[in-house]
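Structure file input.pdb (PDB, C-alpha atoms, pLDDT in the B column) is printed below.
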MODEL        1
ATOM      1  CA  MET A 494     -10.807 -78.597-167.981  1.00 85.00           C
ATOM      2  CA  ALA A 495      -7.998 -80.241-166.008  1.00 96.00           C
ATOM      3  CA  ILE A 496      -6.258 -78.233-163.303  1.00 98.00           C
ATOM      4  CA  ALA A 497      -2.772 -78.197-161.810  1.00 98.00           C
ATOM      5  CA  ILE A 498      -2.516 -77.674-158.072  1.00 98.00           C
ATOM      6  CA  ASN A 499       0.757 -76.866-156.339  1.00 98.00           C
ATOM      7  CA  PHE A 500       1.009 -76.924-152.544  1.00 97.00           C
ATOM      8  CA  THR A 501       3.948 -75.172-150.898  1.00 97.00           C
ATOM      9  CA  PRO A 502       3.442 -75.537-147.140  1.00 97.00           C
ATOM     10  CA  ALA A 503       5.669 -73.441-144.888  1.00 94.00           C
ATOM     11  CA  SER A 504       7.076 -76.676-143.485  1.00 96.00           C
ATOM     12  CA  MET A 505       6.528 -80.354-144.300  1.00 98.00           C
ATOM     13  CA  ASN A 506       9.005 -83.205-143.871  1.00 98.00           C
ATOM     14  CA  THR A 507       9.061 -86.796-145.114  1.00 98.00           C
ATOM     15  CA  GLU A 508       7.669 -88.189-141.860  1.00 98.00           C
ATOM     16  CA  GLN A 509       4.645 -85.866-142.031  1.00 98.00           C
ATOM     17  CA  TYR A 510       4.108 -86.546-145.734  1.00 98.00           C
ATOM     18  CA  ASP A 511       4.355 -90.324-145.286  1.00 98.00           C
ATOM     19  CA  GLU A 512       1.926 -90.191-142.357  1.00 98.00           C
ATOM     20  CA  CYS A 513      -0.535 -88.185-144.457  1.00 98.00           C
ATOM     21  CA  ILE A 514      -0.349 -90.762-147.253  1.00 98.00           C
ATOM     22  CA  ARG A 515      -0.804 -93.588-144.742  1.00 98.00           C
ATOM     23  CA  ARG A 516      -3.924 -91.959-143.286  1.00 98.00           C
ATOM     24  CA  LEU A 517      -5.350 -91.215-146.730  1.00 98.00           C
ATOM     25  CA  GLN A 518      -4.968 -94.889-147.630  1.00 98.00           C
ATOM     26  CA  ILE A 519      -6.738 -95.920-144.425  1.00 98.00           C
ATOM     27  CA  ALA A 520      -9.552 -93.496-145.338  1.00 98.00           C
ATOM     28  CA  GLU A 521      -9.674 -95.136-148.798  1.00 97.00           C
ATOM     29  CA  ALA A 522      -8.603 -91.839-150.361  1.00 98.00           C
ATOM     30  CA  GLY A 523      -5.081 -92.806-151.388  1.00 97.00           C
ATOM     31  CA  ALA A 524      -6.022 -92.842-155.071  1.00 97.00           C
ATOM     32  CA  PRO A 525      -8.972 -90.440-155.226  1.00 98.00           C
ATOM     33  CA  ALA A 526     -11.341 -90.241-158.173  1.00 97.00           C
ATOM     34  CA  GLY A 527     -10.424 -87.336-160.423  1.00 98.00           C
ATOM     35  CA  ARG A 528      -6.719 -87.130-159.596  1.00 98.00           C
ATOM     36  CA  SER A 529      -4.552 -88.247-162.510  1.00 96.00           C
ATOM     37  CA  PHE A 530      -1.096 -87.310-161.196  1.00 96.00           C
ATOM     38  CA  HIS A 531       0.571 -86.757-157.815  1.00 98.00           C
ATOM     39  CA  ALA A 532       4.163 -85.872-156.969  1.00 98.00           C
ATOM     40  CA  CYS A 533       5.918 -84.866-153.767  1.00 98.00           C
ATOM     41  CA  TYR A 534       9.201 -83.032-154.265  1.00 98.00           C
ATOM     42  CA  GLY A 535      11.807 -81.123-152.291  1.00 98.00           C
ATOM     43  CA  SER A 536      14.010 -82.010-149.349  1.00 97.00           C
ATOM     44  CA  GLY A 537      14.312 -81.605-145.601  1.00 96.00           C
ATOM     45  CA  ASP A 538      11.299 -79.799-144.186  1.00 97.00           C
ATOM     46  CA  GLN A 539      10.605 -78.071-147.510  1.00 97.00           C
ATOM     47  CA  LEU A 540       8.538 -80.724-149.279  1.00 98.00           C
ATOM     48  CA  HIS A 541       5.934 -79.576-151.791  1.00 98.00           C
ATOM     49  CA  VAL A 542       3.128 -81.386-153.608  1.00 98.00           C
ATOM     50  CA  PHE A 543       1.983 -81.137-157.223  1.00 98.00           C
ATOM     51  CA  ASP A 544      -1.273 -82.726-158.412  1.00 98.00           C
ATOM     52  CA  VAL A 545      -3.302 -82.836-161.617  1.00 98.00           C
ATOM     53  CA  TRP A 546      -7.083 -83.084-161.204  1.00 98.00           C
ATOM     54  CA  ASP A 547      -9.896 -83.428-163.716  1.00 97.00           C
ATOM     55  CA  THR A 548     -12.003 -80.692-162.062  1.00 97.00           C
ATOM     56  CA  MET A 549     -11.971 -78.320-159.110  1.00 97.00           C
ATOM     57  CA  GLU A 550     -15.014 -80.156-157.763  1.00 97.00           C
ATOM     58  CA  SER A 551     -13.083 -83.444-157.575  1.00 98.00           C
ATOM     59  CA  PHE A 552     -10.241 -81.711-155.757  1.00 97.00           C
ATOM     60  CA  GLU A 553     -12.623 -80.008-153.305  1.00 97.00           C
ATOM     61  CA  LYS A 554     -14.307 -83.341-152.520  1.00 98.00           C
ATOM     62  CA  PHE A 555     -10.878 -84.859-151.763  1.00 98.00           C
ATOM     63  CA  GLY A 556     -10.112 -81.840-149.574  1.00 97.00           C
ATOM     64  CA  GLU A 557     -12.928 -82.860-147.230  1.00 98.00           C
ATOM     65  CA  THR A 558     -10.803 -85.890-146.288  1.00 98.00           C
ATOM     66  CA  LEU A 559      -7.354 -84.337-146.705  1.00 98.00           C
ATOM     67  CA  MET A 560      -7.671 -81.130-144.686  1.00 97.00           C
ATOM     68  CA  PRO A 561      -8.530 -82.730-141.298  1.00 98.00           C
ATOM     69  CA  ILE A 562      -5.607 -85.129-141.742  1.00 98.00           C
ATOM     70  CA  LEU A 563      -3.200 -82.289-142.486  1.00 97.00           C
ATOM     71  CA  LYS A 564      -4.423 -80.347-139.453  1.00 97.00           C
ATOM     72  CA  ASP A 565      -4.067 -83.387-137.198  1.00 98.00           C
ATOM     73  CA  ILE A 566      -0.436 -83.983-138.199  1.00 97.00           C
ATOM     74  CA  GLY A 567       0.523 -80.307-138.006  1.00 96.00           C
ATOM     75  CA  ILE A 568       0.770 -79.308-141.657  1.00 97.00           C
ATOM     76  CA  ASP A 569      -0.482 -75.910-142.742  1.00 95.00           C
ATOM     77  CA  ALA A 570      -0.946 -76.470-146.471  1.00 91.00           C
ATOM     78  CA  GLY A 571      -1.387 -72.760-147.063  1.00 92.00           C
ATOM     79  CA  GLN A 572      -3.224 -71.532-150.119  1.00 94.00           C
ATOM     80  CA  PRO A 573      -2.669 -73.832-153.102  1.00 95.00           C
ATOM     81  CA  ASP A 574      -1.682 -72.379-156.461  1.00 97.00           C
ATOM     82  CA  VAL A 575      -4.369 -73.552-158.905  1.00 98.00           C
ATOM     83  CA  LYS A 576      -4.042 -73.146-162.664  1.00 98.00           C
ATOM     84  CA  GLU A 577      -5.949 -74.504-165.643  1.00 98.00           C
ATOM     85  CA  ILE A 578      -3.944 -76.939-167.734  1.00 97.00           C
ATOM     86  CA  HIS A 579      -3.514 -75.940-171.336  1.00 96.00           C
ATOM     87  CA  ASN A 580      -1.958 -79.215-172.510  1.00 95.00           C
ATOM     88  CA  LEU A 581      -1.143 -82.523-170.849  1.00 91.00           C
ATOM     89  CA  ILE A 582       1.114 -85.056-172.550  1.00 90.00           C
ATOM     90  CA  LYS A 583       1.267 -88.508-170.953  1.00 84.00           C
ATOM     91  CA  GLY A 584       4.345 -90.649-171.414  1.00 84.00           C
TER
ENDMDL
END
Just dump the structure as C-alpha coordinates.
Amino acid sequence: MAIAINFTPASMNTEQYDECIRRLQIAEAGAPAGRSFHACYGSGDQLHVFDVWDTMESFEKFGETLMPILKDIGIDAGQPDVKEIHNLIKG
(Lines of atoms letter the chains of each structure in order from A and count residues from 1; the text may use other names and numbers.)
(Lines give C-alpha, C1' and ligand atoms only; values in the text may rest on other atoms or scores of the structure.)
Protein backbone atom coordinates (compact mmCIF):
# COMPACT_ATOMS: atom_id res chain seq x y z
CA MET A 1 0.00 0.00 0.00
CA ALA A 2 1.41 3.39 -1.01
CA ILE A 3 1.87 6.04 1.66
CA ALA A 4 1.79 9.83 1.73
CA ILE A 5 4.35 11.56 3.92
CA ASN A 6 4.13 15.24 4.80
CA PHE A 7 7.04 16.99 6.52
CA THR A 8 6.38 20.32 8.23
CA PRO A 9 9.68 21.37 9.83
CA ALA A 10 9.57 24.28 12.26
CA SER A 11 11.85 26.18 9.89
CA MET A 12 13.31 25.40 6.47
CA ASN A 13 14.26 27.89 3.75
CA THR A 14 15.14 27.49 0.07
CA GLU A 15 18.88 27.54 0.72
CA GLN A 16 18.60 24.67 3.22
CA TYR A 17 16.26 22.70 0.96
CA ASP A 18 18.48 23.16 -2.10
CA GLU A 19 21.55 22.11 -0.10
CA CYS A 20 19.73 18.99 1.09
CA ILE A 21 18.82 18.07 -2.50
CA ARG A 22 22.40 18.70 -3.61
CA ARG A 23 23.79 16.41 -0.91
CA LEU A 24 21.21 13.71 -1.65
CA GLN A 25 22.28 13.75 -5.29
CA ILE A 26 25.94 13.43 -4.29
CA ALA A 27 24.95 10.45 -2.10
CA GLU A 28 23.15 8.98 -5.14
CA ALA A 29 19.84 9.28 -3.28
CA GLY A 30 18.31 12.11 -5.30
CA ALA A 31 15.79 9.77 -6.91
CA PRO A 32 15.45 6.97 -4.35
CA ALA A 33 13.88 3.62 -5.13
CA GLY A 34 10.30 3.51 -3.91
CA ARG A 35 9.54 7.23 -4.07
CA SER A 36 7.09 8.07 -6.85
CA PHE A 37 6.42 11.74 -6.10
CA HIS A 38 8.18 14.62 -4.33
CA ALA A 39 7.13 18.24 -3.87
CA CYS A 40 8.49 21.11 -1.82
CA TYR A 41 6.00 23.89 -1.14
CA GLY A 42 5.63 27.04 0.93
CA SER A 43 7.62 30.25 1.15
CA GLY A 44 10.23 32.03 3.24
CA ASP A 45 11.45 29.81 6.06
CA GLN A 46 8.20 27.82 6.07
CA LEU A 47 8.92 25.25 3.36
CA HIS A 48 7.28 21.84 3.65
CA VAL A 49 7.78 18.57 1.78
CA PHE A 50 5.23 16.07 0.48
CA ASP A 51 6.27 12.63 -0.81
CA VAL A 52 4.54 9.49 -2.04
CA TRP A 53 6.31 6.19 -1.31
CA ASP A 54 5.51 2.62 -2.26
CA THR A 55 6.12 1.31 1.29
CA MET A 56 7.18 2.49 4.73
CA GLU A 57 10.25 0.27 4.40
CA SER A 58 11.43 2.16 1.31
CA PHE A 59 10.95 5.47 3.10
CA GLU A 60 12.81 4.24 6.20
CA LYS A 61 15.75 3.07 4.06
CA PHE A 62 15.92 6.53 2.45
CA GLY A 63 15.80 8.07 5.94
CA GLU A 64 19.14 6.44 6.75
CA THR A 65 20.70 8.81 4.19
CA LEU A 66 18.36 11.78 4.64
CA MET A 67 18.38 12.25 8.41
CA PRO A 68 22.16 12.85 8.84
CA ILE A 69 22.03 15.38 6.00
CA LEU A 70 19.14 17.25 7.60
CA LYS A 71 20.92 17.32 10.96
CA ASP A 72 24.14 18.59 9.37
CA ILE A 73 22.39 21.53 7.67
CA GLY A 74 20.30 22.43 10.71
CA ILE A 75 16.85 21.17 9.76
CA ASP A 76 14.68 19.54 12.39
CA ALA A 77 12.22 17.63 10.21
CA GLY A 78 9.99 16.93 13.19
CA GLN A 79 7.61 14.01 13.13
CA PRO A 80 6.28 13.35 9.62
CA ASP A 81 2.56 12.89 9.05
CA VAL A 82 2.21 9.46 7.41
CA LYS A 83 -1.05 8.25 5.88
CA GLU A 84 -2.00 5.33 3.67
CA ILE A 85 -3.07 6.36 0.19
CA HIS A 86 -6.55 5.29 -0.78
CA ASN A 87 -6.31 6.30 -4.45
CA LEU A 88 -3.58 7.76 -6.64
CA ILE A 89 -4.38 9.18 -10.06
CA LYS A 90 -1.40 10.01 -12.27
CA GLY A 91 -1.72 12.68 -14.93
For the provided coordinates, the residues matched by the PyMOL selection byres ((chain A and resi 579) around 9) should be stated as a tab-separated table (two decimals) with C-alpha atoms, keeping the file's coordinate frame.
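Result written to expr06.tsv:
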chain	number	residue	atom	x	y	z
A	494	MET	CA	-10.81	-78.60	-167.98
A	495	ALA	CA	-8.00	-80.24	-166.01
A	496	ILE	CA	-6.26	-78.23	-163.30
A	577	GLU	CA	-5.95	-74.50	-165.64
A	578	ILE	CA	-3.94	-76.94	-167.73
A	580	ASN	CA	-1.96	-79.22	-172.51
A	581	LEU	CA	-1.14	-82.52	-170.85
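Taking all atoms listed in the file into account, Thr501 in chain A lies nearest to A:Gly535 out of the set A:Pro561, A:Gly535, A:Gly527, A:Gly567.
Pairwise distance (CA of Gly584 in chain A, CA of Asp547 in chain A) equals 17.7 Å.
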Separation of CA of Phe530 in chain A from CA of Leu559 in chain A in Å: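 Interatomic distance here is 16.1 Å.
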The PyMOL selection byres ((chain A and resi 515-522) around 8) resolved against shown file, as a ChimeraX atom specification: /A:511-514,523-525,555,558-559,562
The PyMOL selection byres ((chain A and resi 498) around 7) applied to the shown file, residues as a PyMOL selection string: chain A and resi 496-497+499-500+543-545+573-576
Of the listed residues A:Ile582, A:Met560, A:Ala526, A:Asp565, that which approaches Trp546 in chain A most closely, counting only C-alpha atoms: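 Looking at the shortest contact to Trp546 in chain A, the residue is A:Ala526.
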Nearest residue to Asn506 in chain A from the set A:Cys533, A:Ser551, A:Gly556, A:Lys564 (distances using only C-alpha atoms):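 Among the listed residues, A:Cys533 lies closest to Asn506 in chain A.
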Atom pair CA of Glu553 in chain A / CA of Gln539 in chain A: separation (Å): 24.0 Å
